[in-house]
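The data block below is coords_6.csv; it holds CSV, C-alpha atoms.
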```
chain,number,residue,atom,x,y,z
A,172,MET,CA,-17.1,89.5,64.9
A,173,VAL,CA,-19.8,89.5,67.5
A,174,GLU,CA,-19.3,86.8,70.1
A,175,GLU,CA,-22.2,84.4,70.2
A,176,ALA,CA,-22.9,81.5,72.6
A,177,LEU,CA,-22.1,78.2,70.9
A,178,THR,CA,-25.4,76.5,70.6
A,179,ALA,CA,-26.3,73.2,68.9
A,180,GLU,CA,-28.3,75.2,66.4
A,181,ARG,CA,-25.2,77.3,65.4
A,182,ILE,CA,-23.1,74.2,65.1
A,183,LEU,CA,-25.7,72.6,62.8
A,184,GLU,CA,-25.9,75.7,60.6
A,185,ALA,CA,-22.1,75.7,60.3
A,186,ALA,CA,-22.1,72.0,59.6
A,187,GLU,CA,-24.6,72.5,56.8
A,188,GLU,CA,-22.4,75.2,55.3
A,189,VAL,CA,-19.3,72.9,55.6
A,190,LEU,CA,-21.2,70.1,53.9
A,191,ARG,CA,-22.3,72.3,51.1
A,192,ARG,CA,-18.7,73.3,50.5
A,193,PHE,CA,-16.8,70.0,51.0
A,194,GLY,CA,-19.4,67.2,50.6
A,195,PRO,CA,-20.1,64.5,53.2
A,196,ALA,CA,-17.0,62.4,52.5
A,197,LYS,CA,-14.5,65.2,53.2
A,198,ALA,CA,-16.3,67.4,55.8
A,199,THR,CA,-14.8,66.9,59.3
A,200,VAL,CA,-15.7,68.1,62.8
A,201,VAL,CA,-12.5,70.2,62.7
A,202,ASP,CA,-13.8,72.0,59.6
A,203,VAL,CA,-17.0,72.8,61.4
A,204,ALA,CA,-15.1,74.0,64.5
A,205,ARG,CA,-12.9,76.1,62.2
A,206,ALA,CA,-15.9,77.7,60.5
A,207,LEU,CA,-17.2,78.7,63.9
A,208,GLY,CA,-13.8,79.9,65.2
A,209,VAL,CA,-13.9,77.4,68.2
A,210,SER,CA,-12.0,74.3,69.1
A,211,HIS,CA,-13.3,70.9,68.0
A,212,GLY,CA,-13.6,70.1,71.7
A,213,SER,CA,-16.3,72.8,72.0
A,214,VAL,CA,-18.2,71.1,69.1
A,215,TYR,CA,-17.8,67.7,70.8
A,216,ARG,CA,-19.4,69.1,74.0
A,217,HIS,CA,-22.7,69.4,72.0
A,218,PHE,CA,-22.2,66.4,69.7
A,219,PRO,CA,-20.1,63.6,71.3
A,220,SER,CA,-19.1,62.1,67.9
A,221,LYS,CA,-18.9,62.8,64.2
A,222,THR,CA,-21.8,60.3,63.9
A,223,ALA,CA,-23.9,62.2,66.4
A,224,LEU,CA,-23.3,65.4,64.4
A,225,ARG,CA,-24.1,63.7,61.1
A,226,ASP,CA,-27.3,62.3,62.5
A,227,ALA,CA,-28.4,65.7,63.8
A,228,VAL,CA,-27.7,67.3,60.5
A,229,ALA,CA,-29.6,64.6,58.7
A,230,GLU,CA,-32.5,65.0,61.1
A,231,ARG,CA,-32.6,68.7,60.6
A,232,TRP,CA,-32.8,68.3,56.8
A,233,LEU,CA,-35.6,65.7,57.0
A,234,THR,CA,-37.6,67.8,59.5
A,235,ARG,CA,-37.8,70.5,56.8
A,236,VAL,CA,-39.9,67.9,54.9
A,237,SER,CA,-41.9,66.3,57.8
A,238,LYS,CA,-42.8,69.6,59.5
A,239,PRO,CA,-44.9,71.2,56.8
A,240,LEU,CA,-46.5,67.8,56.1
A,241,ALA,CA,-47.4,67.5,59.8
A,242,GLU,CA,-49.5,70.7,59.4
A,243,VAL,CA,-51.5,69.1,56.6
A,244,ALA,CA,-51.9,65.9,58.6
A,245,ALA,CA,-53.2,67.9,61.6
A,246,GLU,CA,-55.8,70.0,59.6
A,247,LYS,CA,-59.5,69.4,59.7
A,248,GLY,CA,-61.6,68.8,56.6
A,249,PRO,CA,-62.2,66.1,54.0
A,250,ALA,CA,-59.6,63.4,54.4
A,251,PRO,CA,-59.3,62.4,50.8
A,252,GLU,CA,-58.5,66.0,49.8
A,253,ARG,CA,-56.0,66.3,52.6
A,254,LEU,CA,-54.3,63.0,51.7
A,255,ARG,CA,-54.0,64.1,48.1
A,256,ARG,CA,-52.5,67.4,49.2
A,257,TRP,CA,-50.2,65.7,51.7
A,258,LEU,CA,-48.8,63.4,49.0
A,259,GLY,CA,-48.5,66.3,46.5
A,260,LEU,CA,-46.7,68.4,49.0
A,261,LEU,CA,-44.3,65.6,49.9
A,262,PHE,CA,-43.5,65.1,46.2
A,263,GLU,CA,-43.2,68.9,45.6
A,264,LEU,CA,-40.8,69.5,48.6
A,265,LYS,CA,-38.5,66.7,47.5
A,266,ARG,CA,-38.6,67.6,43.8
A,267,LYS,CA,-38.0,71.3,44.5
A,268,LYS,CA,-34.9,70.4,46.6
A,269,ALA,CA,-33.6,68.0,43.9
A,270,ARG,CA,-34.2,70.6,41.1
A,271,ASP,CA,-33.1,73.8,42.8
A,272,GLU,CA,-29.9,72.5,44.4
A,273,PRO,CA,-29.0,69.2,42.8
A,274,GLU,CA,-25.6,68.9,44.3
A,275,LEU,CA,-26.7,69.7,47.8
A,276,PHE,CA,-29.6,67.2,47.3
A,277,ALA,CA,-27.2,64.5,46.3
A,278,THR,CA,-24.9,65.4,49.3
A,279,TYR,CA,-27.8,65.1,51.7
A,280,THR,CA,-29.1,61.9,50.1
A,281,ASN,CA,-25.7,60.3,50.7
A,282,LEU,CA,-25.5,61.7,54.2
A,283,VAL,CA,-29.0,60.6,55.1
A,284,ALA,CA,-28.5,57.1,53.6
A,285,ASP,CA,-25.9,56.5,56.3
A,286,ALA,CA,-28.0,57.7,59.1
A,287,ARG,CA,-30.2,54.7,59.1
A,288,ASP,CA,-31.9,55.2,62.5
A,289,VAL,CA,-32.7,58.8,61.7
A,290,VAL,CA,-34.3,57.7,58.4
A,291,ARG,CA,-36.3,54.9,60.1
A,292,VAL,CA,-37.8,57.4,62.5
A,293,HIS,CA,-38.4,59.9,59.7
A,294,VAL,CA,-40.2,57.4,57.5
A,295,GLU,CA,-42.3,56.2,60.5
A,296,THR,CA,-43.2,59.8,61.3
A,297,LEU,CA,-44.4,60.3,57.7
A,298,ALA,CA,-46.4,57.0,57.7
A,299,MET,CA,-48.0,57.9,61.0
A,300,GLN,CA,-49.1,61.3,59.5
A,301,VAL,CA,-50.8,59.4,56.7
A,302,ALA,CA,-52.4,57.0,59.2
A,303,ARG,CA,-53.8,60.0,61.0
A,304,ILE,CA,-55.4,61.3,57.8
A,305,LEU,CA,-56.7,57.8,57.1
A,306,THR,CA,-58.2,57.5,60.6
A,307,ASP,CA,-59.9,60.8,60.2
A,308,GLY,CA,-61.2,59.7,56.9
A,309,VAL,CA,-62.7,56.5,58.3
A,310,GLU,CA,-64.3,58.4,61.2
A,311,GLN,CA,-65.8,60.9,58.7
A,312,GLY,CA,-67.1,58.1,56.5
A,313,GLU,CA,-64.8,59.0,53.6
A,314,PHE,CA,-62.5,56.0,53.6
A,315,THR,CA,-63.3,52.3,53.9
A,316,LEU,CA,-60.4,50.3,55.3
A,317,ASP,CA,-59.6,47.9,58.1
A,318,ASP,CA,-56.4,49.1,59.5
A,319,PRO,CA,-55.2,52.7,59.0
A,320,VAL,CA,-51.6,51.9,59.9
A,321,THR,CA,-51.3,49.0,57.4
A,322,SER,CA,-53.0,51.1,54.7
A,323,ALA,CA,-50.7,54.1,55.5
A,324,TRP,CA,-47.6,52.0,54.9
A,325,ALA,CA,-49.1,50.7,51.6
A,326,VAL,CA,-49.8,54.3,50.5
A,327,PHE,CA,-46.3,55.3,51.4
A,328,HIS,CA,-44.7,52.3,49.5
A,329,ALA,CA,-47.0,52.7,46.5
A,330,THR,CA,-45.9,56.3,46.1
A,331,ALA,CA,-42.1,55.6,46.5
A,332,ARG,CA,-41.5,56.8,43.0
A,333,PHE,CA,-42.7,60.3,44.0
A,334,HIS,CA,-40.7,60.7,47.2
A,335,ASN,CA,-37.8,58.2,47.5
A,336,PRO,CA,-34.7,60.1,46.5
A,337,ILE,CA,-33.4,57.1,44.5
A,338,HIS,CA,-36.1,58.0,42.0
A,339,ALA,CA,-35.0,61.7,41.8
A,340,SER,CA,-33.7,61.4,38.2
A,341,GLU,CA,-37.3,60.6,37.1
A,342,TRP,CA,-38.8,63.7,38.8
A,343,SER,CA,-38.2,65.9,35.7
A,344,ASP,CA,-39.8,63.4,33.3
A,345,PRO,CA,-42.5,65.1,31.3
A,346,GLY,CA,-45.0,62.4,32.2
A,347,ILE,CA,-44.3,62.4,36.0
A,348,ASP,CA,-47.3,64.5,37.0
A,349,ALA,CA,-49.7,62.4,35.0
A,350,ALA,CA,-48.1,59.3,36.6
A,351,PHE,CA,-48.6,60.8,40.1
A,352,GLU,CA,-52.3,61.5,39.3
A,353,GLY,CA,-52.7,57.9,38.0
A,354,VAL,CA,-51.3,56.4,41.1
A,355,TRP,CA,-53.3,58.8,43.3
A,356,SER,CA,-56.5,57.9,41.5
A,357,LEU,CA,-55.8,54.2,42.1
A,358,LEU,CA,-55.0,54.7,45.7
A,359,ARG,CA,-58.0,56.8,46.4
A,360,GLY,CA,-60.1,54.0,45.0
A,361,GLY,CA,-58.2,51.5,47.0
A,362,LEU,CA,-59.0,53.4,50.2
A,363,GLY,CA,-62.6,53.1,49.4
A,364,ALA,CA,-63.0,56.8,48.4
A,365,ARG,CA,-64.2,56.1,44.9
A,366,GLU,CA,-66.1,59.4,44.4
A,367,ALA,CA,-64.3,62.7,44.6
A,368,PRO,CA,-65.3,64.6,47.8
A,369,ALA,CA,-68.1,67.1,47.4
A,370,LYS,CA,-65.8,70.1,47.9
A,371,VAL,CA,-62.4,69.7,46.4
A,372,ARG,CA,-60.0,72.3,47.5
A,373,THR,CA,-56.7,72.4,45.6
A,374,LYS,CA,-55.2,74.8,48.1
A,375,PRO,CA,-55.9,75.3,51.8
A,376,SER,CA,-58.4,78.2,52.1
A,377,LYS,CA,-56.1,79.9,54.6
A,378,LYS,CA,-52.7,79.3,55.8
B,52,MET,CA,-13.3,22.4,18.9
B,53,VAL,CA,-16.3,21.7,16.7
B,54,GLU,CA,-16.8,24.4,14.1
B,55,GLU,CA,-20.2,26.1,14.5
B,56,ALA,CA,-21.9,28.7,12.4
B,57,LEU,CA,-21.5,32.2,14.0
B,58,THR,CA,-25.0,33.1,14.8
B,59,ALA,CA,-26.3,36.2,16.6
B,60,GLU,CA,-27.4,33.8,19.4
B,61,ARG,CA,-23.8,32.4,19.9
B,62,ILE,CA,-22.4,36.0,19.9
B,63,LEU,CA,-25.0,37.0,22.6
B,64,GLU,CA,-24.1,34.0,24.7
B,65,ALA,CA,-20.4,34.8,24.5
B,66,ALA,CA,-21.1,38.5,25.2
B,67,GLU,CA,-22.9,37.4,28.4
B,68,GLU,CA,-20.0,35.3,29.5
B,69,VAL,CA,-17.6,38.2,28.8
B,70,LEU,CA,-19.8,40.6,30.7
B,71,ARG,CA,-19.9,38.2,33.6
B,72,ARG,CA,-16.1,38.1,33.6
B,73,PHE,CA,-15.1,41.7,33.0
B,74,GLY,CA,-18.2,43.8,33.8
B,75,PRO,CA,-19.8,46.3,31.4
B,76,ALA,CA,-17.2,49.0,31.6
B,77,LYS,CA,-14.3,46.8,30.6
B,78,ALA,CA,-15.9,44.3,28.2
B,79,THR,CA,-15.2,45.0,24.5
B,80,VAL,CA,-16.3,43.6,21.2
B,81,VAL,CA,-12.7,42.2,20.8
B,82,ASP,CA,-13.1,40.2,24.0
B,83,VAL,CA,-16.3,38.7,22.6
B,84,ALA,CA,-14.7,37.9,19.3
B,85,ARG,CA,-11.7,36.3,21.1
B,86,ALA,CA,-14.0,34.2,23.3
B,87,LEU,CA,-15.6,32.9,20.1
B,88,GLY,CA,-12.3,32.5,18.2
B,89,VAL,CA,-13.4,34.8,15.4
B,90,SER,CA,-12.3,38.2,14.2
B,91,HIS,CA,-14.1,41.2,15.6
B,92,GLY,CA,-15.2,41.9,12.0
B,93,SER,CA,-17.3,38.7,12.1
B,94,VAL,CA,-19.0,40.0,15.2
B,95,TYR,CA,-19.7,43.4,13.6
B,96,ARG,CA,-21.4,41.6,10.6
B,97,HIS,CA,-24.1,40.6,13.1
B,98,PHE,CA,-24.0,43.7,15.4
B,99,PRO,CA,-22.8,46.8,13.6
B,100,SER,CA,-21.6,48.6,16.7
B,101,LYS,CA,-20.8,48.0,20.4
B,102,THR,CA,-24.0,49.8,21.2
B,103,ALA,CA,-26.0,47.5,19.0
B,104,LEU,CA,-24.4,44.5,20.7
B,105,ARG,CA,-25.1,46.0,24.2
B,106,ASP,CA,-28.7,46.7,23.3
B,107,ALA,CA,-29.2,43.1,22.1
B,108,VAL,CA,-27.6,41.7,25.3
B,109,ALA,CA,-29.8,44.0,27.4
B,110,GLU,CA,-32.9,42.9,25.5
B,111,ARG,CA,-32.1,39.3,25.9
B,112,TRP,CA,-31.8,39.8,29.7
B,113,LEU,CA,-35.0,41.7,29.9
B,114,THR,CA,-36.9,39.1,27.8
B,115,ARG,CA,-36.1,36.5,30.5
B,116,VAL,CA,-38.4,38.6,32.7
B,117,SER,CA,-41.1,39.6,30.2
B,118,LYS,CA,-41.6,36.2,28.5
B,119,PRO,CA,-42.8,34.2,31.5
B,120,LEU,CA,-44.9,37.2,32.5
B,121,ALA,CA,-46.5,37.2,29.0
B,122,GLU,CA,-47.7,33.7,29.6
B,123,VAL,CA,-49.6,34.8,32.8
B,124,ALA,CA,-51.0,37.8,30.9
B,125,ALA,CA,-52.3,35.5,28.1
B,126,GLU,CA,-54.0,33.0,30.4
B,127,LYS,CA,-57.7,32.7,30.9
B,128,GLY,CA,-59.3,32.9,34.3
B,129,PRO,CA,-60.1,35.4,37.0
B,130,ALA,CA,-58.2,38.6,36.2
B,131,PRO,CA,-57.6,39.8,39.8
B,132,GLU,CA,-55.9,36.5,40.7
B,133,ARG,CA,-53.9,36.7,37.4
B,134,LEU,CA,-52.8,40.3,38.2
B,135,ARG,CA,-51.7,39.3,41.7
B,136,ARG,CA,-49.8,36.4,40.2
B,137,TRP,CA,-48.2,38.5,37.5
B,138,LEU,CA,-47.0,41.2,40.0
B,139,GLY,CA,-45.8,38.4,42.3
B,140,LEU,CA,-43.9,36.7,39.5
B,141,LEU,CA,-42.3,40.0,38.3
B,142,PHE,CA,-41.1,40.6,41.9
B,143,GLU,CA,-39.9,37.1,42.3
B,144,LEU,CA,-38.0,36.9,39.0
B,145,LYS,CA,-36.2,40.2,39.8
B,146,ARG,CA,-35.5,39.3,43.4
B,147,LYS,CA,-34.2,35.9,42.6
B,148,LYS,CA,-31.7,37.4,40.1
B,149,ALA,CA,-30.6,40.0,42.6
B,150,ARG,CA,-30.2,37.5,45.4
B,151,ASP,CA,-28.6,34.5,43.5
B,152,GLU,CA,-26.1,36.5,41.4
B,153,PRO,CA,-25.8,39.9,42.9
B,154,GLU,CA,-22.7,40.9,40.9
B,155,LEU,CA,-24.2,39.8,37.6
B,156,PHE,CA,-27.5,41.6,38.6
B,157,ALA,CA,-25.5,44.8,39.2
B,158,THR,CA,-23.7,44.4,35.9
B,159,TYR,CA,-26.9,44.0,34.0
B,160,THR,CA,-28.6,46.8,35.9
B,161,ASN,CA,-25.8,49.2,34.8
B,162,LEU,CA,-25.8,47.8,31.2
B,163,VAL,CA,-29.6,48.1,30.9
B,164,ALA,CA,-29.6,51.6,32.4
B,165,ASP,CA,-27.6,52.8,29.4
B,166,ALA,CA,-29.8,51.0,26.8
B,167,ARG,CA,-32.7,53.5,27.3
B,168,ASP,CA,-34.7,52.6,24.2
B,169,VAL,CA,-34.5,49.0,25.1
B,170,VAL,CA,-35.7,49.7,28.6
B,171,ARG,CA,-38.6,51.9,27.3
B,172,VAL,CA,-39.8,49.1,25.0
B,173,HIS,CA,-39.5,46.6,27.8
B,174,VAL,CA,-41.4,48.7,30.3
B,175,GLU,CA,-44.1,49.4,27.7
B,176,THR,CA,-44.3,45.6,27.0
B,177,LEU,CA,-44.9,45.0,30.7
B,178,ALA,CA,-47.5,47.8,31.1
B,179,MET,CA,-49.4,46.4,28.1
B,180,GLN,CA,-49.4,43.0,29.7
B,181,VAL,CA,-51.0,44.5,32.7
B,182,ALA,CA,-53.5,46.4,30.5
B,183,ARG,CA,-54.4,43.1,28.9
B,184,ILE,CA,-55.2,41.6,32.3
B,185,LEU,CA,-57.2,44.7,33.3
B,186,THR,CA,-59.2,44.6,30.0
B,187,ASP,CA,-60.1,41.0,30.6
B,188,GLY,CA,-61.1,41.9,34.2
B,189,VAL,CA,-63.4,44.7,33.0
B,190,GLU,CA,-65.0,42.4,30.4
B,191,GLN,CA,-65.4,39.7,33.1
B,192,GLY,CA,-67.0,42.2,35.5
B,193,GLU,CA,-64.1,41.8,38.0
B,194,PHE,CA,-62.6,45.3,37.7
B,195,THR,CA,-64.2,48.7,37.5
B,196,LEU,CA,-62.0,51.2,35.8
B,197,ASP,CA,-62.3,53.7,32.9
B,198,ASP,CA,-59.1,53.2,31.0
B,199,PRO,CA,-57.1,49.9,31.3
B,200,VAL,CA,-53.9,51.5,29.8
B,201,THR,CA,-53.9,54.4,32.3
B,202,SER,CA,-54.6,52.1,35.2
B,203,ALA,CA,-51.9,49.6,34.0
B,204,TRP,CA,-49.3,52.4,34.2
B,205,ALA,CA,-50.6,53.3,37.6
B,206,VAL,CA,-50.3,49.7,38.8
B,207,PHE,CA,-46.8,49.6,37.3
B,208,HIS,CA,-45.6,52.8,39.0
B,209,ALA,CA,-47.3,52.0,42.3
B,210,THR,CA,-45.3,48.7,42.5
B,211,ALA,CA,-41.9,50.2,41.5
B,212,ARG,CA,-40.5,49.2,44.9
B,213,PHE,CA,-41.0,45.6,44.0
B,214,HIS,CA,-39.5,45.5,40.5
B,215,ASN,CA,-37.4,48.6,39.8
B,216,PRO,CA,-33.7,47.5,40.3
B,217,ILE,CA,-32.9,50.7,42.1
B,218,HIS,CA,-34.9,49.3,45.0
B,219,ALA,CA,-33.0,45.9,44.9
B,220,SER,CA,-31.2,46.6,48.3
B,221,GLU,CA,-34.7,46.6,49.9
B,222,TRP,CA,-35.7,43.2,48.5
B,223,SER,CA,-34.2,41.3,51.4
B,224,ASP,CA,-35.9,43.4,54.1
B,225,PRO,CA,-37.8,41.2,56.5
B,226,GLY,CA,-41.0,43.2,55.9
B,227,ILE,CA,-40.9,43.3,52.1
B,228,ASP,CA,-43.4,40.5,51.5
B,229,ALA,CA,-45.9,42.1,53.9
B,230,ALA,CA,-45.3,45.5,52.2
B,231,PHE,CA,-46.0,43.8,48.8
B,232,GLU,CA,-49.3,42.4,50.2
B,233,GLY,CA,-50.3,45.8,51.6
B,234,VAL,CA,-49.7,47.5,48.2
B,235,TRP,CA,-51.5,44.7,46.3
B,236,SER,CA,-54.5,44.9,48.6
B,237,LEU,CA,-54.7,48.7,48.1
B,238,LEU,CA,-54.4,48.3,44.3
B,239,ARG,CA,-56.9,45.6,44.1
B,240,GLY,CA,-59.4,47.9,45.8
B,241,GLY,CA,-58.4,50.8,43.5
B,242,LEU,CA,-59.2,48.6,40.5
B,243,GLY,CA,-62.7,48.1,41.9
B,244,ALA,CA,-62.1,44.5,42.9
B,245,ARG,CA,-62.8,44.9,46.6
B,246,GLU,CA,-63.8,41.3,47.2
B,247,ALA,CA,-61.4,38.4,46.7
B,248,PRO,CA,-62.4,36.3,43.6
B,249,ALA,CA,-64.4,33.2,44.4
B,250,LYS,CA,-61.7,30.8,43.3
B,251,VAL,CA,-58.3,31.9,44.3
B,252,ARG,CA,-55.5,29.8,42.7
B,253,THR,CA,-52.1,30.4,44.0
B,254,LYS,CA,-50.5,28.4,41.1
B,255,PRO,CA,-51.7,27.8,37.6
B,256,SER,CA,-53.5,24.4,37.5
B,257,LYS,CA,-51.4,23.4,34.5
B,258,LYS,CA,-48.5,25.0,32.6
```
Take the structure in the file and give it back as structure tokens.
Amino acid sequence: MVEEALTAERILEAAEEVLRRFGPAKATVVDVARALGVSHGSVYRHFPSKTALRDAVAERWLTRVSKPLAEVAAEKGPAPERLRRWLGLLFELKRKKARDEPELFATYTNLVADARDVVRVHVETLAMQVARILTDGVEQGEFTLDDPVTSAWAVFHATARFHNPIHASEWSDPGIDAAFEGVWSLLRGGLGAREAPAKVRTKPSKK
Amino acid sequence: MVEEALTAERILEAAEEVLRRFGPAKATVVDVARALGVSHGSVYRHFPSKTALRDAVAERWLTRVSKPLAEVAAEKGPAPERLRRWLGLLFELKRKKARDEPELFATYTNLVADARDVVRVHVETLAMQVARILTDGVEQGEFTLDDPVTSAWAVFHATARFHNPIHASEWSDPGIDAAFEGVWSLLRGGLGAREAPAKVRTKPSKK
């Protein structure tokens, strides 16, 4: 085995693997240390408690959702189309995880539910991404609304069925995509964008 | 004890009491029969299986929500205000049950989750009530939308956070009422009712 410096990143990778094997109830810091071939003291030098490690693992998992979404939020172009794509990507990222690795998804959902501060920051990050798109839309004359932050939260809450993991069992319903389109159409209208933008792009022209 | 005819209604009352005491996993038809002082054969004459009894209990519980809502849906008057009141009443009925009798609410939520056909009919009943209000609103020039049924489902899905029991733990959040108002404001706009109706009534003038 090649000796590697024990970084926070390596610990988090090992912790994910341990979680995958044992589940959040049974996984311990000792298991993580053992997987790395180090003492648990070495792990504690990076993460001072099991809670700190759990929160870091939860954050890493959630960042895999928030980071690609941040790219969409930061793009230029028509805001209604970007918001539609942002909401669709959020749904797709969550649904893909739930469908492809249902046990791991359930494991992380439980883990994340306990990391309340991490979740709060994550959800606020997402809402602020929406607010950014809405602000652009107002400036570009595409949305009509008073307060982008209030409207962003409303968009986020109104689409809970399509991103909150407690709805995961509904994500394979045959009517779920039509339901998403119905809600989106209603929201687009509610944001004052009653007409479809002149140039609808279903995919970004380059990535 | 006064002899009473064994009606379906009496059986359902007894079944509710048994559920309240034992929970849905442990309650049996024999317990219900015992509570009534009759043989379980007598119960089976009204409800041919435990599933049939469970479904009838679930339906009775759900009707306590759908019936007062039906009255709002059938009223005359400005449709946007009625829809606002209908959604508010749905949220309030559910939230009150969850808050006042949390254990019974959890019991029924589990019971109802298994009665899938009953739930499907209940949810369709609610969506059709919304569609009725939307249709009135279109006829009265208060809403602008193409298809009241599609829009009704969208309204129902977009407000899941405020009526789906899987969100019950969020119903005591301090920001939940503001969140409801935010979503309602967005939906009202999406239904083409961007201005508040001339005469807003927060309560029905008579009942």
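Near region 266-273 of chain A, within a cut-off of 12 Å and counting all atoms listed in the file, sit the residues Arg191, Trp232, Leu233, Arg235, Val236, Gly259, Leu260, Tyr279, Thr280, Arg332, Phe333, His334, Asn335, Pro336, Ile337, His338, Ala339, Ser340, Glu341, Trp342, Ser343, Asp344, Ile347 and Asp348 of chain A, with same-chain residues fewer than 6 positions away left out.
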(request) Have a look at CA of Ala298 (chain A) and CA of Leu258 (chain A) and let me know their distance in Å, one decimal. (result) 11.1 Å
(request) Work out how far CA of Pro319 (chain A) is from CA of Thr306 (chain A), in Å to one decimal. (result) 5.9 Å
Each residue of chain B with at least one atom at most 8 Å from chain A should appear once, together with its nearest atom pair and the corresponding distance in Å (one decimal); atoms considered: only C-alpha atoms; ordering: chain, then increasing residue number; output as CSV.
```
residue,atom,partner,partner_atom,distance
B:Thr201,CA,A:Gly353,CA,6.8
B:Ser202,CA,A:Gly353,CA,6.7
B:Trp204,CA,A:Ala350,CA,7.4
B:Ala205,CA,A:Val354,CA,4.7
B:Val206,CA,A:Val354,CA,7.2
B:His208,CA,A:Arg332,CA,7.0
B:Ala209,CA,A:Ala329,CA,4.3
B:Thr210,CA,A:Ala329,CA,5.9
B:Ala211,CA,A:Arg332,CA,6.8
B:Arg212,CA,A:Ala331,CA,6.8
B:Ile217,CA,A:Ile337,CA,6.9
B:His218,CA,A:Ile337,CA,8.0
B:Ala230,CA,A:Ala325,CA,6.5
B:Gly233,CA,A:Ala325,CA,5.0
B:Val234,CA,A:Ala325,CA,4.7
B:Ser236,CA,A:Gly361,CA,7.7
B:Leu237,CA,A:Gly361,CA,4.6
B:Leu238,CA,A:Gly361,CA,5.7
B:Arg239,CA,A:Gly361,CA,6.7
B:Gly240,CA,A:Gly361,CA,4.0
B:Gly241,CA,A:Gly361,CA,3.6
B:Leu242,CA,A:Leu357,CA,6.7
B:Gly243,CA,A:Gly360,CA,7.2
```
Go ahead and save the picked residues with C-alpha atoms, as a PDB file, keeping the file's coordinate frame.
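selection.pdb written:
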```
ATOM      1  CA  THR B 201     -53.900  54.400  32.300  1.00  0.00           C
ATOM      2  CA  SER B 202     -54.600  52.100  35.200  1.00  0.00           C
ATOM      3  CA  TRP B 204     -49.300  52.400  34.200  1.00  0.00           C
ATOM      4  CA  ALA B 205     -50.600  53.300  37.600  1.00  0.00           C
ATOM      5  CA  VAL B 206     -50.300  49.700  38.800  1.00  0.00           C
ATOM      6  CA  HIS B 208     -45.600  52.800  39.000  1.00  0.00           C
ATOM      7  CA  ALA B 209     -47.300  52.000  42.300  1.00  0.00           C
ATOM      8  CA  THR B 210     -45.300  48.700  42.500  1.00  0.00           C
ATOM      9  CA  ALA B 211     -41.900  50.200  41.500  1.00  0.00           C
ATOM     10  CA  ARG B 212     -40.500  49.200  44.900  1.00  0.00           C
ATOM     11  CA  ILE B 217     -32.900  50.700  42.100  1.00  0.00           C
ATOM     12  CA  HIS B 218     -34.900  49.300  45.000  1.00  0.00           C
ATOM     13  CA  ALA B 230     -45.300  45.500  52.200  1.00  0.00           C
ATOM     14  CA  GLY B 233     -50.300  45.800  51.600  1.00  0.00           C
ATOM     15  CA  VAL B 234     -49.700  47.500  48.200  1.00  0.00           C
ATOM     16  CA  SER B 236     -54.500  44.900  48.600  1.00  0.00           C
ATOM     17  CA  LEU B 237     -54.700  48.700  48.100  1.00  0.00           C
ATOM     18  CA  LEU B 238     -54.400  48.300  44.300  1.00  0.00           C
ATOM     19  CA  ARG B 239     -56.900  45.600  44.100  1.00  0.00           C
ATOM     20  CA  GLY B 240     -59.400  47.900  45.800  1.00  0.00           C
ATOM     21  CA  GLY B 241     -58.400  50.800  43.500  1.00  0.00           C
ATOM     22  CA  LEU B 242     -59.200  48.600  40.500  1.00  0.00           C
ATOM     23  CA  GLY B 243     -62.700  48.100  41.900  1.00  0.00           C
TER      24      GLY B 243
END
```
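Among B:Lys145, B:Arg72, B:Arg135, B:Arg183, the residue with the shortest atom-to-atom distance to Ala121 (chain B), counting all atoms listed in the file, is B:Arg183.
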(request) With a distance cut-off of 10 Å and all atoms listed in the file, select the neighbouring residues of region 89-105 of chain B, excluding the residue or stretch itself and same-chain residues fewer than 5 positions from it, and output the selection as a list in words. (result) Leu57, Thr58, Ala59, Glu60, Ile62, Leu63, Ala66, Glu67, Leu70, Pro75, Ala78, Thr79, Val80, Val81, Asp82, Val83, Ala84, Glu110, Arg111, Leu162, Val163, Asp165, Ala166 and Val169 of chain B
(request) Tell me, in Å to one decimal, how far CA of Thr296 (chain A) is from CA of Ser237 (chain A). (result) 7.5 Å
